[in-house]
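Data block for entry_35.cif (mmCIF, C-alpha atoms, pLDDT in the B column; chains and numbers go by the auth columns):
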data_final
#
loop_
_atom_site.group_PDB
_atom_site.id
_atom_site.type_symbol
_atom_site.label_atom_id
_atom_site.label_comp_id
_atom_site.label_asym_id
_atom_site.label_seq_id
_atom_site.Cartn_x
_atom_site.Cartn_y
_atom_site.Cartn_z
_atom_site.B_iso_or_equiv
_atom_site.auth_seq_id
_atom_site.auth_asym_id
ATOM 1 C CA MET A 1 -12.461 16.848 -25.862 33.00 1 A
ATOM 2 C CA LEU A 2 -9.451 15.208 -24.254 38.00 2 A
ATOM 3 C CA GLU A 3 -11.630 14.208 -21.289 47.00 3 A
ATOM 4 C CA ALA A 4 -13.776 11.888 -23.470 55.00 4 A
ATOM 5 C CA SER A 5 -10.745 9.797 -24.405 71.00 5 A
ATOM 6 C CA PHE A 6 -10.174 8.489 -20.866 78.00 6 A
ATOM 7 C CA LEU A 7 -11.540 5.285 -19.327 80.00 7 A
ATOM 8 C CA HIS A 8 -13.110 6.895 -16.194 80.00 8 A
ATOM 9 C CA LEU A 9 -12.780 3.968 -13.769 78.00 9 A
ATOM 10 C CA SER A 10 -14.128 5.959 -10.840 72.00 10 A
ATOM 11 C CA GLY A 11 -17.434 6.533 -12.642 76.00 11 A
ATOM 12 C CA ARG A 12 -17.975 2.883 -13.576 79.00 12 A
ATOM 13 C CA CYS A 13 -19.954 0.293 -11.667 75.00 13 A
ATOM 14 C CA PRO A 14 -18.212 -2.958 -10.630 71.00 14 A
ATOM 15 C CA THR A 15 -20.889 -4.967 -12.461 75.00 15 A
ATOM 16 C CA GLN A 16 -19.774 -3.406 -15.744 79.00 16 A
ATOM 17 C CA GLY A 17 -16.322 -4.996 -15.581 83.00 17 A
ATOM 18 C CA THR A 18 -14.680 -8.307 -14.802 88.00 18 A
ATOM 19 C CA VAL A 19 -11.238 -8.810 -13.324 88.00 19 A
ATOM 20 C CA THR A 20 -9.213 -11.910 -14.139 90.00 20 A
ATOM 21 C CA VAL A 21 -5.933 -12.742 -12.439 91.00 21 A
ATOM 22 C CA ARG A 22 -3.509 -15.344 -13.751 91.00 22 A
ATOM 23 C CA PRO A 23 -0.172 -16.286 -12.207 88.00 23 A
ATOM 24 C CA ALA A 24 2.630 -15.470 -14.674 85.00 24 A
ATOM 25 C CA TRP A 25 5.710 -16.795 -12.849 82.00 25 A
ATOM 26 C CA GLU A 26 7.253 -17.149 -9.413 82.00 26 A
ATOM 27 C CA VAL A 27 10.838 -16.903 -8.144 80.00 27 A
ATOM 28 C CA GLN A 28 12.050 -18.300 -4.830 74.00 28 A
ATOM 29 C CA GLU A 29 15.179 -16.727 -3.420 69.00 29 A
ATOM 30 C CA HIS A 30 17.617 -18.024 -0.819 64.00 30 A
ATOM 31 C CA GLU A 31 16.436 -21.637 -0.779 64.00 31 A
ATOM 32 C CA GLY A 32 12.742 -20.774 -0.523 57.00 32 A
ATOM 33 C CA SER A 33 12.944 -18.165 2.236 62.00 33 A
ATOM 34 C CA ALA A 34 11.629 -15.309 0.084 69.00 34 A
ATOM 35 C CA THR A 35 9.238 -15.572 -2.850 77.00 35 A
ATOM 36 C CA THR A 36 8.366 -13.069 -5.554 83.00 36 A
ATOM 37 C CA ALA A 37 5.419 -13.721 -7.870 86.00 37 A
ATOM 38 C CA TRP A 38 4.163 -11.963 -10.985 89.00 38 A
ATOM 39 C CA TYR A 39 0.475 -11.919 -11.907 91.00 39 A
ATOM 40 C CA GLU A 40 -1.181 -10.905 -15.151 93.00 40 A
ATOM 41 C CA VAL A 41 -4.331 -8.943 -14.363 93.00 41 A
ATOM 42 C CA ARG A 42 -6.997 -7.992 -16.911 93.00 42 A
ATOM 43 C CA LEU A 43 -9.888 -5.655 -16.246 91.00 43 A
ATOM 44 C CA ALA A 44 -12.405 -5.936 -19.108 90.00 44 A
ATOM 45 C CA PHE A 45 -15.624 -3.977 -19.587 88.00 45 A
ATOM 46 C CA THR A 46 -18.746 -4.775 -21.600 87.00 46 A
ATOM 47 C CA ASP A 47 -18.164 -1.748 -23.864 86.00 47 A
ATOM 48 C CA GLY A 48 -14.808 -3.137 -25.039 87.00 48 A
ATOM 49 C CA ALA A 49 -12.563 -1.042 -22.788 88.00 49 A
ATOM 50 C CA GLN A 50 -9.831 -2.982 -21.007 91.00 50 A
ATOM 51 C CA VAL A 51 -6.809 -2.603 -18.758 92.00 51 A
ATOM 52 C CA ASP A 52 -3.956 -5.141 -18.716 94.00 52 A
ATOM 53 C CA LEU A 53 -1.294 -4.977 -16.039 94.00 53 A
ATOM 54 C CA LEU A 54 1.542 -6.961 -14.514 92.00 54 A
ATOM 55 C CA ALA A 55 1.519 -7.004 -10.701 90.00 55 A
ATOM 56 C CA VAL A 56 4.554 -8.044 -8.662 88.00 56 A
ATOM 57 C CA VAL A 57 3.836 -9.497 -5.234 84.00 57 A
ATOM 58 C CA ARG A 58 6.569 -9.713 -2.598 78.00 58 A
ATOM 59 C CA GLU A 59 6.607 -10.056 1.157 73.00 59 A
ATOM 60 C CA ALA A 60 7.007 -6.264 1.356 69.00 60 A
ATOM 61 C CA GLY A 61 3.897 -5.564 -0.710 76.00 61 A
ATOM 62 C CA VAL A 62 2.435 -5.288 -4.180 81.00 62 A
ATOM 63 C CA SER A 63 3.718 -3.139 -7.028 85.00 63 A
ATOM 64 C CA ILE A 64 2.609 -2.626 -10.598 87.00 64 A
ATOM 65 C CA GLU A 65 5.271 -3.111 -13.269 89.00 65 A
ATOM 66 C CA ASP A 66 3.326 -2.473 -16.458 91.00 66 A
ATOM 67 C CA VAL A 67 -0.089 -1.016 -17.312 92.00 67 A
ATOM 68 C CA ARG A 68 -1.734 -0.898 -20.732 92.00 68 A
ATOM 69 C CA ALA A 69 -5.230 0.482 -21.208 90.00 69 A
ATOM 70 C CA GLN A 70 -7.597 1.059 -24.072 90.00 70 A
ATOM 71 C CA PRO A 71 -8.781 3.855 -23.876 88.00 71 A
ATOM 72 C CA ALA A 72 -6.050 5.571 -21.874 89.00 72 A
ATOM 73 C CA LEU A 73 -6.094 5.945 -18.086 87.00 73 A
ATOM 74 C CA SER A 74 -6.111 9.366 -16.474 86.00 74 A
ATOM 75 C CA LEU A 75 -4.246 9.905 -13.201 84.00 75 A
ATOM 76 C CA ASP A 76 -7.556 9.561 -11.341 83.00 76 A
ATOM 77 C CA ASP A 77 -8.194 6.266 -13.157 85.00 77 A
ATOM 78 C CA LEU A 78 -4.743 5.034 -12.175 84.00 78 A
ATOM 79 C CA ALA A 79 -5.504 5.808 -8.536 81.00 79 A
ATOM 80 C CA ALA A 80 -8.888 4.009 -8.778 83.00 80 A
ATOM 81 C CA LEU A 81 -7.300 0.973 -10.445 86.00 81 A
ATOM 82 C CA ALA A 82 -6.080 -0.359 -7.082 82.00 82 A
ATOM 83 C CA ASP A 83 -9.654 -0.550 -5.779 82.00 83 A
ATOM 84 C CA TRP A 84 -10.718 -2.573 -8.827 84.00 84 A
ATOM 85 C CA ILE A 85 -7.933 -5.168 -8.700 86.00 85 A
ATOM 86 C CA GLU A 86 -7.216 -5.463 -4.973 83.00 86 A
ATOM 87 C CA GLY A 87 -9.837 -8.096 -4.094 83.00 87 A
ATOM 88 C CA PRO A 88 -9.266 -10.450 -7.043 86.00 88 A
ATOM 89 C CA LEU A 89 -5.470 -10.154 -6.709 85.00 89 A
ATOM 90 C CA PHE A 90 -5.519 -11.072 -3.020 82.00 90 A
ATOM 91 C CA GLU A 91 -7.901 -13.954 -3.751 83.00 91 A
ATOM 92 C CA ALA A 92 -5.439 -15.274 -6.334 82.00 92 A
ATOM 93 C CA CYS A 93 -2.709 -15.063 -3.699 77.00 93 A
ATOM 94 C CA GLY A 94 -4.761 -17.077 -1.226 71.00 94 A
ATOM 95 C CA TYR A 95 -6.411 -14.367 0.857 61.00 95 A
ATOM 96 C CA GLY A 96 -10.080 -13.516 0.790 54.00 96 A
ATOM 97 C CA PRO A 97 -13.117 -15.655 -0.064 53.00 97 A
ATOM 98 C CA GLY A 98 -12.055 -19.010 -1.438 49.00 98 A
ATOM 99 C CA GLY A 99 -8.409 -18.504 -0.443 47.00 99 A
ATOM 100 C CA SER A 100 -6.618 -20.578 2.135 47.00 100 A
ATOM 101 C CA GLY A 101 -4.679 -17.651 3.589 46.00 101 A
ATOM 102 C CA GLU A 102 -1.545 -19.780 3.621 46.00 102 A
ATOM 103 C CA ALA A 103 0.152 -18.205 0.617 43.00 103 A
ATOM 104 C CA ASP A 104 3.460 -16.773 1.803 45.00 104 A
ATOM 105 C CA VAL A 105 3.816 -14.505 -1.214 45.00 105 A
ATOM 106 C CA CYS A 106 0.908 -12.142 -0.758 45.00 106 A
ATOM 107 C CA PRO A 107 0.736 -9.681 2.082 45.00 107 A
ATOM 108 C CA ARG A 108 -2.601 -9.317 3.759 43.00 108 A
ATOM 109 C CA PRO A 109 -4.599 -6.376 2.474 44.00 109 A
ATOM 110 C CA ARG A 110 -3.947 -3.273 4.559 45.00 110 A
ATOM 111 C CA ARG A 111 -6.362 -0.677 3.295 45.00 111 A
ATOM 112 C CA ALA A 112 -7.707 0.585 6.605 52.00 112 A
ATOM 113 C CA ARG A 113 -5.517 2.707 8.819 58.00 113 A
ATOM 114 C CA PRO A 114 -5.165 1.234 12.319 62.00 114 A
ATOM 115 C CA ALA A 115 -7.073 3.003 15.064 73.00 115 A
ATOM 116 C CA TRP A 116 -4.766 5.506 16.720 80.00 116 A
ATOM 117 C CA PRO A 117 -5.745 7.578 19.737 83.00 117 A
ATOM 118 C CA ARG A 118 -5.687 11.344 19.513 83.00 118 A
ATOM 119 C CA GLY A 119 -4.286 13.850 21.938 88.00 119 A
ATOM 120 C CA VAL A 120 -1.943 13.054 24.804 91.00 120 A
ATOM 121 C CA GLU A 121 -2.491 9.276 24.594 91.00 121 A
ATOM 122 C CA GLY A 122 -1.570 9.255 20.892 91.00 122 A
ATOM 123 C CA ARG A 123 1.548 11.355 21.476 93.00 123 A
ATOM 124 C CA TRP A 124 2.624 9.051 24.295 94.00 124 A
ATOM 125 C CA GLN A 125 2.190 5.967 22.042 93.00 125 A
ATOM 126 C CA VAL A 126 4.163 7.663 19.245 93.00 126 A
ATOM 127 C CA ALA A 127 6.985 8.261 21.730 94.00 127 A
ATOM 128 C CA GLU A 128 6.848 4.609 22.853 94.00 128 A
ATOM 129 C CA GLU A 129 7.071 3.360 19.241 92.00 129 A
ATOM 130 C CA TYR A 130 9.898 5.787 18.524 94.00 130 A
ATOM 131 C CA ARG A 131 11.958 4.756 21.573 94.00 131 A
ATOM 132 C CA ALA A 132 11.366 1.023 20.986 93.00 132 A
ATOM 133 C CA ALA A 133 12.645 1.318 17.414 91.00 133 A
ATOM 134 C CA GLN A 134 15.686 3.279 18.582 91.00 134 A
ATOM 135 C CA GLU A 135 16.536 0.570 21.135 92.00 135 A
ATOM 136 C CA GLU A 136 16.251 -2.122 18.447 89.00 136 A
ATOM 137 C CA GLY A 137 18.460 -0.120 16.090 89.00 137 A
ATOM 138 C CA ALA A 138 15.629 0.317 13.573 87.00 138 A
ATOM 139 C CA ASP A 139 14.454 3.490 11.845 89.00 139 A
ATOM 140 C CA PRO A 140 12.194 5.197 14.429 91.00 140 A
ATOM 141 C CA VAL A 141 10.300 7.269 11.847 90.00 141 A
ATOM 142 C CA LEU A 142 9.508 4.155 9.835 88.00 142 A
ATOM 143 C CA ALA A 143 8.335 2.432 13.023 88.00 143 A
ATOM 144 C CA VAL A 144 5.919 5.296 13.718 89.00 144 A
ATOM 145 C CA MET A 145 4.738 5.201 10.089 86.00 145 A
ATOM 146 C CA CYS A 146 3.989 1.474 10.351 83.00 146 A
ATOM 147 C CA ALA A 147 2.270 1.798 13.720 85.00 147 A
ATOM 148 C CA THR A 148 0.051 4.736 12.793 84.00 148 A
ATOM 149 C CA GLY A 149 -0.517 4.028 9.104 81.00 149 A
ATOM 150 C CA HIS A 150 0.304 7.647 8.260 82.00 150 A
ATOM 151 C CA SER A 151 2.693 9.063 5.684 83.00 151 A
ATOM 152 C CA ARG A 152 6.266 10.044 6.515 86.00 152 A
ATOM 153 C CA ARG A 153 5.347 13.729 6.688 89.00 153 A
ATOM 154 C CA ARG A 154 2.408 13.123 9.055 88.00 154 A
ATOM 155 C CA SER A 155 4.518 10.759 11.191 90.00 155 A
ATOM 156 C CA LEU A 156 7.278 13.361 11.513 92.00 156 A
ATOM 157 C CA ARG A 157 4.648 15.877 12.599 92.00 157 A
ATOM 158 C CA MET A 158 3.363 13.415 15.224 92.00 158 A
ATOM 159 C CA ILE A 159 6.931 12.821 16.477 94.00 159 A
ATOM 160 C CA SER A 160 7.506 16.560 16.821 93.00 160 A
ATOM 161 C CA GLN A 161 4.219 16.867 18.740 93.00 161 A
ATOM 162 C CA ALA A 162 5.419 14.104 21.097 94.00 162 A
ATOM 163 C CA ARG A 163 8.677 16.052 21.560 93.00 163 A
ATOM 164 C CA ASP A 164 6.751 19.261 22.271 92.00 164 A
ATOM 165 C CA ALA A 165 4.644 17.385 24.836 91.00 165 A
ATOM 166 C CA GLY A 166 7.858 16.294 26.607 92.00 166 A
ATOM 167 C CA PHE A 167 7.610 12.564 25.817 93.00 167 A
ATOM 168 C CA LEU A 168 10.808 12.624 23.716 92.00 168 A
ATOM 169 C CA THR A 169 14.078 14.471 24.193 88.00 169 A
ATOM 170 C CA PRO A 170 14.702 17.479 21.947 84.00 170 A
ATOM 171 C CA SER A 171 16.407 16.552 18.675 76.00 171 A
ATOM 172 C CA HIS A 172 18.815 19.525 18.778 71.00 172 A
ATOM 173 C CA ALA A 173 20.514 21.293 21.650 63.00 173 A
ATOM 174 C CA ARG A 174 19.189 24.824 21.988 63.00 174 A
ATOM 175 C CA ARG A 175 21.594 27.701 22.502 60.00 175 A
#

Represent the supplied structure as C-alpha coordinates.
Amino acid sequence: MLEASFLHLSGRCPTQGTVTVRPAWEVQEHEGSATTAWYEVRLAFTDGAQVDLLAVVREAGVSIEDVRAQPALSLDDLAALADWIEGPLFEACGYGPGGSGEADVCPRPRRARPAWPRGVEGRWQVAEEYRAAQEEGADPVLAVMCATGHSRRRSLRMISQARDAGFLTPSHARR
(Lines of atoms letter the chains of each structure in order from A and count residues from 1; the text may use other names and numbers.)
(Lines give C-alpha, C1' and ligand atoms only; values in the text may rest on other atoms or scores of the structure.)
Protein backbone atom coordinates (compact mmCIF):
# COMPACT_ATOMS: atom_id res chain seq x y z
CA MET A 1 0.00 0.00 0.00
CA LEU A 2 2.85 2.36 0.79
CA GLU A 3 4.51 1.40 -2.51
CA ALA A 4 1.64 2.93 -4.56
CA SER A 5 2.25 6.36 -3.04
CA PHE A 6 5.69 6.79 -4.65
CA LEU A 7 6.51 8.44 -7.98
CA HIS A 8 8.53 5.52 -9.48
CA LEU A 9 10.90 7.50 -11.71
CA SER A 10 12.84 4.41 -12.76
CA GLY A 11 9.70 2.86 -14.27
CA ARG A 12 8.71 5.93 -16.29
CA CYS A 13 9.56 6.68 -19.89
CA PRO A 14 11.36 9.96 -20.71
CA THR A 15 8.56 10.88 -23.13
CA GLN A 16 6.12 10.96 -20.21
CA GLY A 17 7.89 13.87 -18.52
CA THR A 18 9.41 17.23 -19.36
CA VAL A 19 12.32 18.87 -17.58
CA THR A 20 12.60 22.65 -17.42
CA VAL A 21 15.64 24.43 -16.03
CA ARG A 22 15.65 28.11 -15.10
CA PRO A 23 18.58 30.06 -13.67
CA ALA A 24 17.65 31.34 -10.19
CA TRP A 25 20.72 33.41 -9.26
CA GLU A 26 24.49 33.52 -9.58
CA VAL A 27 27.26 34.65 -7.22
CA GLN A 28 30.79 35.52 -8.30
CA GLU A 29 33.44 35.28 -5.62
CA HIS A 30 36.90 36.83 -5.46
CA GLU A 31 36.48 39.31 -8.31
CA GLY A 32 34.99 36.78 -10.73
CA SER A 33 37.47 33.95 -10.21
CA ALA A 34 34.89 31.50 -8.86
CA THR A 35 31.19 31.38 -9.70
CA THR A 36 28.33 29.58 -8.00
CA ALA A 37 24.93 29.36 -9.70
CA TRP A 38 21.55 28.12 -8.53
CA TYR A 39 19.03 26.60 -10.95
CA GLU A 40 15.37 25.83 -10.43
CA VAL A 41 14.57 22.49 -12.05
CA ARG A 42 11.06 21.12 -12.59
CA LEU A 43 10.27 17.62 -13.77
CA ALA A 44 6.58 17.44 -14.75
CA PHE A 45 4.62 14.41 -15.94
CA THR A 46 1.42 14.15 -17.97
CA ASP A 47 -0.39 12.47 -15.05
CA GLY A 48 0.14 15.53 -12.83
CA ALA A 49 3.12 14.21 -10.85
CA GLN A 50 6.00 16.66 -10.50
CA VAL A 51 9.38 17.16 -8.86
CA ASP A 52 10.79 20.62 -8.09
CA LEU A 53 14.38 21.02 -7.00
CA LEU A 54 17.09 23.61 -6.50
CA ALA A 55 20.46 22.63 -7.97
CA VAL A 56 23.69 24.38 -7.01
CA VAL A 57 26.44 24.36 -9.62
CA ARG A 58 30.05 25.12 -8.66
CA GLU A 59 33.40 24.43 -10.23
CA ALA A 60 33.67 21.37 -7.96
CA GLY A 61 30.39 19.87 -9.16
CA VAL A 62 26.63 19.88 -8.81
CA SER A 63 24.64 19.42 -5.61
CA ILE A 64 20.95 19.42 -4.83
CA GLU A 65 19.81 21.78 -2.08
CA ASP A 66 16.07 21.18 -2.01
CA VAL A 67 13.71 18.58 -3.48
CA ARG A 68 9.92 18.62 -3.37
CA ALA A 69 7.85 15.94 -5.09
CA GLN A 70 4.21 15.11 -5.49
CA PRO A 71 3.77 12.15 -4.95
CA ALA A 72 6.76 11.45 -2.72
CA LEU A 73 10.10 10.11 -3.98
CA SER A 74 11.44 6.79 -2.76
CA LEU A 75 15.19 6.34 -2.29
CA ASP A 76 15.32 4.59 -5.67
CA ASP A 77 13.50 7.55 -7.24
CA LEU A 78 15.99 9.94 -5.67
CA ALA A 79 18.85 7.96 -7.20
CA ALA A 80 17.12 7.96 -10.63
CA LEU A 81 16.45 11.70 -10.43
CA ALA A 82 20.02 12.51 -11.49
CA ASP A 83 19.54 10.65 -14.78
CA TRP A 84 16.40 12.66 -15.53
CA ILE A 85 17.85 16.12 -14.87
CA GLU A 86 21.50 15.72 -15.89
CA GLY A 87 21.14 16.48 -19.61
CA PRO A 88 18.84 19.51 -19.34
CA LEU A 89 20.87 20.95 -16.44
CA PHE A 90 24.15 20.72 -18.36
CA GLU A 91 22.48 22.23 -21.43
CA ALA A 92 21.35 25.18 -19.31
CA CYS A 93 24.93 25.58 -18.13
CA GLY A 94 26.24 25.66 -21.69
CA TYR A 95 27.26 22.05 -22.26
CA GLY A 96 25.50 19.63 -24.55
CA PRO A 97 23.39 20.24 -27.67
CA GLY A 98 22.74 23.93 -28.15
CA GLY A 99 25.29 24.95 -25.50
CA SER A 100 28.45 26.85 -26.23
CA GLY A 101 30.56 24.90 -23.74
CA GLU A 102 32.08 28.16 -22.54
CA ALA A 103 30.16 28.42 -19.28
CA ASP A 104 32.70 28.45 -16.46
CA VAL A 105 30.13 27.50 -13.84
CA CYS A 106 29.14 24.03 -14.93
CA PRO A 107 31.52 21.12 -14.81
CA ARG A 108 31.47 18.81 -17.76
CA PRO A 109 29.34 15.74 -17.20
CA ARG A 110 31.41 12.87 -15.83
CA ARG A 111 29.12 9.89 -15.78
CA ALA A 112 31.41 7.32 -17.36
CA ARG A 113 34.33 5.97 -15.40
CA PRO A 114 37.63 6.44 -17.24
CA ALA A 115 39.15 3.33 -18.76
CA TRP A 116 41.62 1.86 -16.29
CA PRO A 117 43.80 -1.14 -17.05
CA ARG A 118 43.53 -4.23 -14.90
CA GLY A 119 46.27 -6.33 -13.41
CA VAL A 120 49.91 -5.32 -13.14
CA GLU A 121 49.56 -2.34 -15.51
CA GLY A 122 46.70 -0.91 -13.43
CA ARG A 123 48.60 -1.37 -10.17
CA TRP A 124 51.65 0.32 -11.66
CA GLN A 125 49.53 3.32 -12.80
CA VAL A 126 47.91 3.55 -9.35
CA ALA A 127 51.40 3.71 -7.83
CA GLU A 128 52.42 6.43 -10.32
CA GLU A 129 49.35 8.54 -9.46
CA TYR A 130 49.95 8.01 -5.75
CA ARG A 131 53.63 9.04 -5.90
CA ALA A 132 52.93 12.06 -8.13
CA ALA A 133 50.34 13.36 -5.67
CA GLN A 134 52.72 12.82 -2.76
CA GLU A 135 55.45 14.82 -4.53
CA GLU A 136 52.99 17.67 -5.18
CA GLY A 137 51.87 17.65 -1.55
CA ALA A 138 48.32 16.62 -2.51
CA ASP A 139 46.17 13.85 -1.04
CA PRO A 140 47.38 10.67 -2.80
CA VAL A 141 44.17 8.72 -2.14
CA LEU A 142 42.10 11.51 -3.66
CA ALA A 143 44.43 11.57 -6.67
CA VAL A 144 43.87 7.84 -7.21
CA MET A 145 40.11 8.33 -6.79
CA CYS A 146 40.08 11.05 -9.46
CA ALA A 147 42.28 9.08 -11.85
CA THR A 148 40.36 5.81 -11.60
CA GLY A 149 36.84 7.12 -11.02
CA HIS A 150 36.38 4.68 -8.14
CA SER A 151 35.16 5.29 -4.60
CA ARG A 152 37.52 5.91 -1.69
CA ARG A 153 37.16 2.33 -0.47
CA ARG A 154 37.92 0.84 -3.90
CA SER A 155 40.85 3.25 -4.38
CA LEU A 156 42.34 2.26 -1.02
CA ARG A 157 42.03 -1.38 -2.06
CA MET A 158 43.83 -0.60 -5.34
CA ILE A 159 46.60 1.24 -3.44
CA SER A 160 47.08 -1.74 -1.13
CA GLN A 161 47.26 -4.04 -4.16
CA ALA A 162 49.98 -1.78 -5.63
CA ARG A 163 51.84 -2.02 -2.30
CA ASP A 164 51.50 -5.81 -2.29
CA ALA A 165 52.86 -5.90 -5.86
CA GLY A 166 55.93 -3.94 -4.68
CA PHE A 167 55.21 -0.71 -6.58
CA LEU A 168 54.81 1.30 -3.34
CA THR A 169 56.69 1.15 -0.06
CA PRO A 170 54.91 -0.50 2.87
CA SER A 171 52.81 1.95 4.89
CA HIS A 172 53.94 0.54 8.27
CA ALA A 173 57.23 -0.92 9.42
CA ARG A 174 56.83 -4.60 10.19
CA ARG A 175 58.32 -6.04 13.36

Between atom CA of A:Arg12 and atom CA of A:Ala92 - distance in Å to one decimal:
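Going from atom CA of A:Ala92 over to atom CA of A:Arg12, I get 23.2 Å.
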
Evaluate the PyMOL selection byres ((chain A and resi 132-148) around 12) against this structure - the residues, as number ranges by chain, please.
A: 110, 112-118, 122-131, 149-160, 162, 168

Would you mind reading off the distance between atom CA of A:Asp77 and atom CA of A:Ala37, one decimal, in Å?
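About the pair atom CA of A:Asp77 and atom CA of A:Ala37: they are 24.8 Å apart.
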
Who sits within 10 Å of A:Leu73, all atoms listed in the file, same chain under 3 positions skipped, as a VMD selection string:
chain A and resid 5 to 9 51 67 to 70 76 to 81

Kindly export the residues of the current selection with C-alpha atoms, as a PDB file, keeping the file's coordinate frame.
ATOM      1  CA  SER A   5     -10.745   9.797 -24.405  1.00 71.00           C
ATOM      2  CA  PHE A   6     -10.174   8.489 -20.866  1.00 78.00           C
ATOM      3  CA  LEU A   7     -11.540   5.285 -19.327  1.00 80.00           C
ATOM      4  CA  HIS A   8     -13.110   6.895 -16.194  1.00 80.00           C
ATOM      5  CA  LEU A   9     -12.780   3.968 -13.769  1.00 78.00           C
ATOM      6  CA  VAL A  51      -6.809  -2.603 -18.758  1.00 92.00           C
ATOM      7  CA  VAL A  67      -0.089  -1.016 -17.312  1.00 92.00           C
ATOM      8  CA  ARG A  68      -1.734  -0.898 -20.732  1.00 92.00           C
ATOM      9  CA  ALA A  69      -5.230   0.482 -21.208  1.00 90.00           C
ATOM     10  CA  GLN A  70      -7.597   1.059 -24.072  1.00 90.00           C
ATOM     11  CA  ASP A  76      -7.556   9.561 -11.341  1.00 83.00           C
ATOM     12  CA  ASP A  77      -8.194   6.266 -13.157  1.00 85.00           C
ATOM     13  CA  LEU A  78      -4.743   5.034 -12.175  1.00 84.00           C
ATOM     14  CA  ALA A  79      -5.504   5.808  -8.536  1.00 81.00           C
ATOM     15  CA  ALA A  80      -8.888   4.009  -8.778  1.00 83.00           C
ATOM     16  CA  LEU A  81      -7.300   0.973 -10.445  1.00 86.00           C
TER      17      LEU A  81
END

Which of these residues is nearest to A:Leu89, using all atoms listed in the file: A:Pro23, A:Pro14, A:Gly166, A:Pro71?
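Of the candidates, the smallest distance to A:Leu89 is held by A:Pro23.
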
Determine the nearest neighbour of A:Glu65 from the options A:Trp38, A:Trp84, A:Trp25, A:Phe45, counting all atoms listed in the file.
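Looking only at the distances to A:Glu65, the closest residue turns out to be A:Trp38.
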
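Atom pair atom CA of A:Thr36 / atom CA of A:Glu59: separated by 7.6 Å.
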
Nearest to A:Cys13 by atom-to-atom distance, counting only C-alpha atoms, from A:Asp83, A:Ser63, A:Ala165, A:Val57
A:Asp83

Restricting the calculation to all atoms listed in the file: of A:Val120, A:Ile85, A:Val27, A:Val62, which residue gets closest to A:Val41?
A:Ile85

Using all atoms listed in the file: which of A:Ser74, A:Thr35, A:Thr18, A:Thr169 has the shortest distance to A:Val56
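Looking at the shortest contact to A:Val56, the residue is A:Thr35.
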
Counting all atoms listed in the file, the residue among A:Pro88, A:Cys93, A:Pro170, A:Gly119 that lies closest to A:Gly61 is A:Cys93

Build an axis-aligned box that encloses every atom of stretch 116-135 of chain A listed in the file, pad it by 3 Å on each side, and report its centre and edge lengths in Å to one decimal, as JSON.
{"center_x": 5.4, "center_y": 7.2, "center_z": 20.8, "size_x": 28.3, "size_y": 19.3, "size_z": 14.1}
